[in-house]
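Student: Next comes final.cif, mmCIF, C-alpha atoms:
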data_input
loop_
_atom_site.label_atom_id
_atom_site.label_comp_id
_atom_site.auth_asym_id
_atom_site.auth_seq_id
_atom_site.Cartn_x
_atom_site.Cartn_y
_atom_site.Cartn_z
CA MET A 1147 -36.37 -111.64 28.39
CA THR A 1148 -35.39 -108.86 30.73
CA THR A 1149 -32.08 -107.04 30.70
CA THR A 1150 -30.29 -105.49 33.58
CA GLN A 1151 -28.17 -102.39 33.40
CA ASN A 1152 -25.11 -102.13 35.57
CA THR A 1153 -24.87 -98.73 37.28
CA PRO A 1154 -21.92 -97.56 39.34
CA PRO A 1155 -22.48 -97.58 43.08
CA VAL A 1156 -23.31 -94.26 44.67
CA ASP A 1157 -20.99 -93.04 47.39
CA ASP A 1158 -23.21 -91.46 50.01
CA ASN A 1159 -20.16 -89.98 51.73
CA ALA A 1160 -18.84 -88.14 48.68
CA ALA A 1161 -18.68 -84.38 49.14
CA PRO A 1162 -20.90 -82.46 46.73
CA ALA A 1163 -19.21 -80.25 44.18
CA LYS A 1164 -19.08 -76.66 45.32
CA ALA A 1165 -18.92 -73.58 43.18
CA GLN A 1166 -15.82 -71.56 43.99
CA LEU A 1167 -16.23 -67.87 44.63
CA LEU A 1168 -12.66 -67.28 43.48
CA PRO A 1169 -11.89 -70.12 41.03
CA MET A 1170 -8.28 -71.18 40.77
CA GLU A 1171 -6.27 -73.87 39.02
CA TRP A 1172 -3.15 -74.86 40.93
CA SER A 1173 -0.02 -74.57 38.80
CA GLY A 1174 2.60 -74.50 41.51
CA PHE A 1175 3.89 -71.59 43.54
CA PRO A 1176 3.67 -68.65 42.88
CA GLY A 1177 1.41 -69.65 39.98
CA LEU A 1178 1.22 -68.69 36.31
CA TRP A 1179 -0.76 -65.52 36.82
CA ALA A 1180 1.19 -64.16 39.77
CA GLY A 1181 4.44 -65.04 38.02
CA GLY A 1182 3.38 -63.59 34.69
CA VAL A 1183 2.10 -60.34 36.15
CA SER A 1184 5.28 -60.04 38.20
CA LEU A 1185 7.51 -60.62 35.18
CA VAL A 1186 5.72 -57.81 33.33
CA GLY A 1187 4.96 -55.35 36.13
CA GLY A 1188 8.09 -55.62 38.26
CA PRO A 1189 10.64 -54.47 35.65
CA LEU A 1190 8.32 -51.74 34.38
CA LEU A 1191 7.86 -50.30 37.87
CA VAL A 1192 11.61 -50.39 38.56
CA GLY A 1193 12.25 -48.72 35.20
CA THR A 1194 9.65 -46.05 35.93
CA GLY A 1195 11.30 -45.26 39.25
CA VAL A 1196 14.73 -44.98 37.64
CA LEU A 1197 13.54 -42.72 34.82
CA LEU A 1198 11.56 -40.36 37.05
CA ARG A 1199 14.71 -39.37 38.96
CA LEU A 1200 16.79 -39.03 35.79
CA PRO A 1201 16.85 -35.17 35.81
CA PHE A 1202 18.58 -35.05 39.21
CA HIS A 1203 22.21 -35.67 40.12
CA PHE A 1204 23.13 -39.17 41.28
CA PHE A 1205 24.71 -38.31 44.65
CA TYR A 1206 22.63 -38.39 47.85
CA PRO A 1207 22.79 -34.66 48.79
CA GLU A 1208 21.19 -33.78 45.45
CA GLN A 1209 18.61 -36.53 45.89
CA LEU A 1210 17.61 -35.08 49.25
CA THR A 1211 17.43 -31.58 47.79
CA ALA A 1212 15.27 -32.91 44.96
CA ARG A 1213 12.89 -34.43 47.50
CA VAL A 1214 12.44 -31.04 49.20
CA GLU A 1215 12.02 -29.14 45.92
CA HIS A 1216 10.01 -31.80 44.01
CA PRO A 1217 8.39 -33.96 46.72
CA GLY A 1218 5.70 -35.51 44.56
CA LEU A 1219 8.03 -36.54 41.74
CA ILE A 1220 10.70 -38.00 44.00
CA ALA A 1221 8.09 -39.79 46.13
CA ALA A 1222 6.64 -41.36 42.98
CA SER A 1223 10.11 -42.32 41.76
CA TYR A 1224 11.26 -44.05 44.92
CA GLY A 1225 7.81 -45.52 45.54
CA ALA A 1226 7.67 -47.08 42.07
CA PHE A 1227 11.19 -48.46 42.48
CA ALA A 1228 10.38 -49.99 45.87
CA ALA A 1229 7.09 -51.47 44.64
CA GLY A 1230 8.82 -52.94 41.60
CA THR A 1231 11.55 -54.43 43.79
CA VAL A 1232 8.98 -56.23 45.94
CA LEU A 1233 6.94 -57.29 42.91
CA LEU A 1234 9.99 -58.91 41.31
CA TRP A 1235 10.19 -61.82 43.75
CA PRO A 1236 7.48 -63.93 42.04
CA ALA A 1237 9.24 -63.17 38.74
CA VAL A 1238 12.48 -64.55 40.13
CA ALA A 1239 10.67 -67.63 41.47
CA THR A 1240 8.97 -68.26 38.13
CA LEU A 1241 12.19 -67.84 36.15
CA ALA A 1242 14.17 -70.04 38.54
CA THR A 1243 11.52 -72.77 38.34
CA ARG A 1244 11.75 -72.84 34.56
CA ILE A 1245 15.54 -72.86 34.63
CA GLY A 1246 15.54 -75.66 37.20
CA HIS A 1247 14.25 -78.25 34.74
CA ARG A 1248 17.62 -78.18 32.93
CA SER A 1249 20.05 -76.31 35.21
CA PRO A 1250 18.97 -76.95 38.80
CA GLY A 1251 22.16 -75.63 40.40
CA LEU A 1252 22.06 -72.28 38.62
CA ALA A 1253 18.32 -72.04 39.26
CA LEU A 1254 18.72 -72.69 42.99
CA TRP A 1255 21.60 -70.34 43.72
CA GLY A 1256 20.57 -67.71 41.20
CA GLY A 1257 17.06 -67.62 42.62
CA ILE A 1258 18.24 -67.50 46.24
CA PHE A 1259 20.79 -64.74 45.59
CA ALA A 1260 18.38 -62.68 43.52
CA VAL A 1261 15.65 -62.82 46.17
CA LEU A 1262 18.15 -61.96 48.92
CA GLY A 1263 19.22 -59.01 46.78
CA LEU A 1264 15.61 -57.86 46.56
CA PHE A 1265 15.40 -58.04 50.36
CA ALA A 1266 18.47 -55.81 50.60
CA ARG A 1267 17.04 -53.27 48.17
CA THR A 1268 13.82 -53.19 50.20
CA PHE A 1269 15.86 -52.38 53.29
CA HIS A 1270 17.56 -49.57 51.37
CA ALA A 1271 14.11 -48.25 50.43
CA GLY A 1272 13.22 -48.00 54.11
CA VAL A 1273 16.37 -45.98 54.80
CA ASP A 1274 15.52 -43.74 51.82
CA HIS A 1275 12.08 -43.09 53.27
CA LEU A 1276 13.45 -42.13 56.67
CA ALA A 1277 16.05 -39.79 55.12
CA PHE A 1278 13.38 -38.10 53.00
CA GLN A 1279 11.18 -37.53 56.06
CA LEU A 1280 14.13 -35.94 57.82
CA ALA A 1281 14.84 -33.72 54.79
CA GLU A 1282 11.24 -32.51 54.65
CA ARG A 1283 11.15 -31.65 58.35
CA GLN A 1284 14.72 -30.53 59.09
CA GLY A 1285 15.96 -29.48 55.65
CA ALA A 1286 18.09 -31.15 52.99
CA GLU A 1287 21.39 -29.98 54.50
CA VAL A 1288 20.66 -31.49 57.90
CA ALA A 1289 19.52 -34.74 56.30
CA ALA A 1290 22.60 -34.87 54.04
CA ARG A 1291 24.89 -34.32 57.04
CA PHE A 1292 23.15 -37.10 58.96
CA VAL A 1293 23.32 -39.52 56.03
CA GLY A 1294 26.98 -38.70 55.47
CA GLU A 1295 27.85 -39.37 59.12
CA THR A 1296 25.99 -42.68 59.25
CA TYR A 1297 26.44 -43.99 55.71
CA GLY A 1298 29.07 -46.55 56.66
CA ALA A 1299 27.25 -47.85 59.74
CA PHE A 1300 27.09 -51.64 59.82
CA HIS A 1301 23.83 -53.39 59.12
CA ILE A 1302 23.20 -57.05 58.42
CA PHE A 1303 21.92 -56.40 54.90
CA SER A 1304 25.32 -55.07 53.81
CA ALA A 1305 26.36 -58.72 53.59
CA LEU A 1306 23.89 -59.14 50.72
CA ASN A 1307 25.43 -56.54 48.41
CA LEU A 1308 27.14 -59.19 46.31
CA ALA A 1309 23.88 -61.16 46.17
CA ILE A 1310 22.19 -58.13 44.57
CA MET A 1311 24.55 -58.41 41.62
CA GLY A 1312 25.38 -62.11 41.59
CA GLY A 1313 21.80 -63.38 41.53
CA TRP A 1314 20.98 -61.78 38.18
CA LEU A 1315 24.24 -63.04 36.67
CA LEU A 1316 23.55 -66.64 37.72
CA LEU A 1317 19.96 -66.45 36.49
CA ALA A 1318 21.12 -65.03 33.16
CA ILE A 1319 23.58 -67.89 32.66
CA GLY A 1320 20.98 -70.43 33.73
CA ALA A 1321 18.27 -68.98 31.48
CA TRP A 1322 20.63 -69.16 28.51
CA ARG A 1323 21.79 -72.72 29.26
CA ALA A 1324 18.21 -73.87 29.84
CA ARG A 1325 17.11 -72.15 26.60
CA ILE A 1326 14.60 -70.01 28.43
CA LEU A 1327 16.22 -66.89 26.99
CA GLY A 1328 18.29 -66.45 23.86
CA PRO A 1329 21.83 -65.05 24.09
CA VAL A 1330 20.75 -61.42 23.55
CA ARG A 1331 18.03 -61.43 26.20
CA ALA A 1332 20.22 -63.46 28.60
CA LEU A 1333 22.92 -60.80 28.24
CA ALA A 1334 20.25 -58.15 28.80
CA LEU A 1335 19.23 -59.88 32.04
CA ALA A 1336 22.87 -59.94 33.16
CA THR A 1337 23.04 -56.15 32.82
CA ALA A 1338 20.54 -55.89 35.70
CA ALA A 1339 23.51 -56.64 37.96
CA ALA A 1340 24.87 -53.19 37.05
CA LEU A 1341 21.97 -51.31 38.66
CA PRO A 1342 23.54 -49.18 41.43
CA LEU A 1343 22.91 -50.41 44.95
CA GLY A 1344 22.67 -48.66 48.31
CA VAL A 1345 20.59 -45.85 49.75
CA LEU A 1346 19.54 -42.63 48.00
CA LYS A 1347 20.90 -43.66 44.63
CA GLY A 1348 19.98 -41.48 41.68
CA THR A 1349 20.03 -42.43 38.02
CA THR A 1350 23.10 -42.79 35.83
CA PRO A 1351 23.39 -43.92 32.18
CA LEU A 1352 24.35 -47.34 33.54
CA SER A 1353 21.10 -47.40 35.55
CA VAL A 1354 19.09 -46.85 32.37
CA VAL A 1355 20.97 -49.65 30.60
CA ALA A 1356 20.38 -52.00 33.54
CA VAL A 1357 16.62 -51.44 33.76
CA ALA A 1358 16.28 -51.58 29.98
CA GLY A 1359 17.99 -54.97 30.05
CA LEU A 1360 15.73 -56.15 32.85
CA CYS A 1361 12.64 -55.13 30.87
CA LEU A 1362 13.93 -56.68 27.63
CA ALA A 1363 14.62 -59.98 29.36
CA LEU A 1364 11.59 -60.39 31.62
CA VAL A 1365 8.61 -58.53 30.12
CA PRO A 1366 8.34 -60.71 26.96
CA LEU A 1367 8.78 -63.80 29.14
CA GLY A 1368 5.92 -62.61 31.33
CA VAL A 1369 3.68 -62.16 28.30
CA THR A 1370 4.54 -65.71 27.22
CA VAL A 1371 3.76 -67.09 30.69
CA LEU A 1372 0.37 -65.34 30.71
CA ARG A 1373 -0.48 -66.59 27.22
CA ASP A 1374 0.50 -70.17 28.07
CA GLY A 1375 -1.90 -70.25 31.00
CA PRO A 1376 -5.58 -71.10 30.72
CA THR A 1377 -7.81 -68.23 29.67
CA PRO A 1378 -9.87 -67.24 32.71
CA ARG A 1379 -13.58 -66.56 32.50
CA ARG A 1380 -14.68 -62.95 32.70
CA ALA A 1381 -16.48 -63.58 35.98
CA ALA A 1382 -13.30 -65.00 37.50
CA VAL A 1383 -11.27 -61.97 36.37
CA LEU A 1384 -13.82 -59.57 37.87
CA CYS A 1385 -13.96 -61.49 41.15
CA TRP A 1386 -10.20 -61.68 41.52
CA THR A 1387 -9.76 -58.01 40.58
CA ALA A 1388 -12.32 -56.93 43.16
CA ALA A 1389 -10.74 -59.19 45.79
CA VAL A 1390 -7.22 -57.85 45.15
CA VAL A 1391 -8.37 -54.21 45.19
CA MET A 1392 -10.30 -54.75 48.42
CA ALA A 1393 -7.37 -56.55 50.05
CA VAL A 1394 -4.94 -53.77 49.09
CA ALA A 1395 -7.34 -51.12 50.41
CA VAL A 1396 -7.85 -52.91 53.73
CA MET A 1397 -4.13 -53.57 54.17
CA THR A 1398 -3.30 -49.93 53.36
CA VAL A 1399 -5.79 -48.57 55.89
CA ALA A 1400 -4.65 -51.06 58.53
CA GLY A 1401 -1.01 -50.24 57.84
CA GLN A 1402 -1.56 -46.49 58.21
CA ALA A 1403 -3.42 -47.08 61.44
CA GLY A 1404 -0.34 -48.79 62.83
#
What would the structure in this file look like if it were written as structure tokens?

Tutor:
Amino acid sequence: MTTTQNTPPVDDNAAPAKAQLLPMEWSGFPGLWAGGVSLVGGPLLVGTGVLLRLPFHFFYPEQLTARVEHPGLIAASYGAFAAGTVLLWPAVATLATRIGHRSPGLALWGGIFAVLGLFARTFHAGVDHLAFQLAERQGAEVAARFVGETYGAFHIFSALNLAIMGGWLLLAIGAWRARILGPVRALALATAAALPLGVLKGTTPLSVVAVAGLCLALVPLGVTVLRDGPTPRRAAVLCWTAAVVMAVAVMTVAGQAG
């Protein structure tokens, strides 16, 4: 007696499996790793920027004078703050996504307002950069006079000033209601709304409280997000690190070339 063995049909049109140069598991946008790194790195960069300018008076004439007298320190301070501001957007997206499972309204409006607030702060960073270039070339007094004469000039981003503050408040309430953050860390996140806004803003005690609250609320959450994700293989980490470094280098050179 002979027996036959049933074998599944072979699909000749099936695409062969391909090894990925940069392996990735899709977990939604912006992804666990981008979100986790942003939650950790964004607040720390903003806090670094705030603390580096702590020795100098808050008002803009003193900030311009500090740039002329301590160019490297002030450049590092405002650069770290601007980089942290940009890096915070995936953090906001990740937090809003988690809030949205239980409080979709607060997640939607809190996330939108917070990201719009980050856009406004990025615009302020561009104005800071221009004012500092003027101070270095024409002197702090000339730059301070120019800033004083044009400080109240209308720009479209002035409409987002309330969004800068309101976004963090809505996210804090949503994170507490959705049980993403406990009451202490939710209150800490709400204090981020107190971070001074506008151009050429130095550091005050309230600034330190605000960035400390931002770090207390988001950095541990970022660590949790990174731990919850799948552990990547060493080869994948090396490939992605090399790719990111190369991309940043190319974009920097291209940006400087205009």

Student: Using all atoms listed in the file, what does the table of region 1287-1317 of chain A residues within 12 Å of region 1356-1360 of chain A look like, with each row giving the shortest atom pair and its distance in Å to one decimal, sorted by chain and ascending number, as a Markdown table?

Tutor:
| residue | atom | partner | partner_atom | distance |
| --- | --- | --- | --- | --- |
| A:Met1311 | CA | A:Ala1356 | CA | 11.1 |
| A:Trp1314 | CA | A:Leu1360 | CA | 9.4 |
| A:Leu1315 | CA | A:Leu1360 | CA | 11.6 |
| A:Leu1317 | CA | A:Leu1360 | CA | 11.7 |

Student: Out of A:Ala1395, A:Ala1299, A:Ala1289, A:Leu1241, which residue has the shortest atom-to-atom distance to Val1365 (chain A) when counting all atoms listed in the file?

Tutor: A:Leu1241

Student: List, as a ChimeraX atom specification, every residue that the PyMOL selection byres ((chain A and resi 1319) around 12) selects in the file provided.

Tutor: /A:1241-1242,1245,1248-1253,1255-1257,1312-1318,1320-1337

Student: Using the chain letters and numbers from the file, give me the residues hit by the PyMOL selection byres ((chain A and resi 1235-1239) around 6), as a ChimeraX atom specification.

Tutor: /A:1181,1184-1185,1233-1234,1240-1242

Student: Is there a way to get, as JSON, numbers by chain, all residues within 12 Å of the point (21.3, -52.0, 42.3) in file coordinates, counting all atoms listed in the file?

Tutor: {"A": [1192, 1193, 1196, 1227, 1228, 1231, 1260, 1263, 1264, 1265, 1266, 1267, 1268, 1270, 1271, 1306, 1307, 1308, 1309, 1310, 1311, 1312, 1313, 1314, 1337, 1338, 1339, 1340, 1341, 1342, 1343, 1344, 1345, 1346, 1347, 1348, 1349, 1350, 1352, 1353, 1354, 1355, 1356, 1357, 1360]}

Student: Can you give me, as JSON, numbers by chain, the residues this file yields under the PyMOL selection byres ((chain A and resi 1200-1211) around 6)?

Tutor: {"A": [1197, 1198, 1199, 1212, 1213, 1214, 1286, 1290, 1346, 1348, 1349]}

Student: Using only C-alpha atoms, can you tell me which of A:Gly1285, A:Gly1375, A:Gly1401, A:Gly1230 comes closest to Glu1215 (chain A)?

Tutor: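 Answer, going by the shortest atom-to-atom distance: A:Gly1285.
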
Student: Which residues, protein or nucleic acid, reach to within 12 Å of (-11.5, -61.8, 34.2) in the file's coordinates when using all atoms listed in the file, and can you give that as a VMD selection string?

Tutor: chain A and resid 1168 to 1170 1179 1376 to 1389

Student: Do you have the CA of Arg1291 (chain A)-CA of Gly1225 (chain A) distance handy?

Tutor: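 These atoms are spaced 23.4 Å apart.
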
Student: Could you state the separation of CA of Leu1367 (chain A) and CA of Leu1191 (chain A) in Å, given to one decimal place?

Tutor: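 Straight-line distance from CA of Leu1367 (chain A) to CA of Leu1191 (chain A) works out to 16.1 Å.
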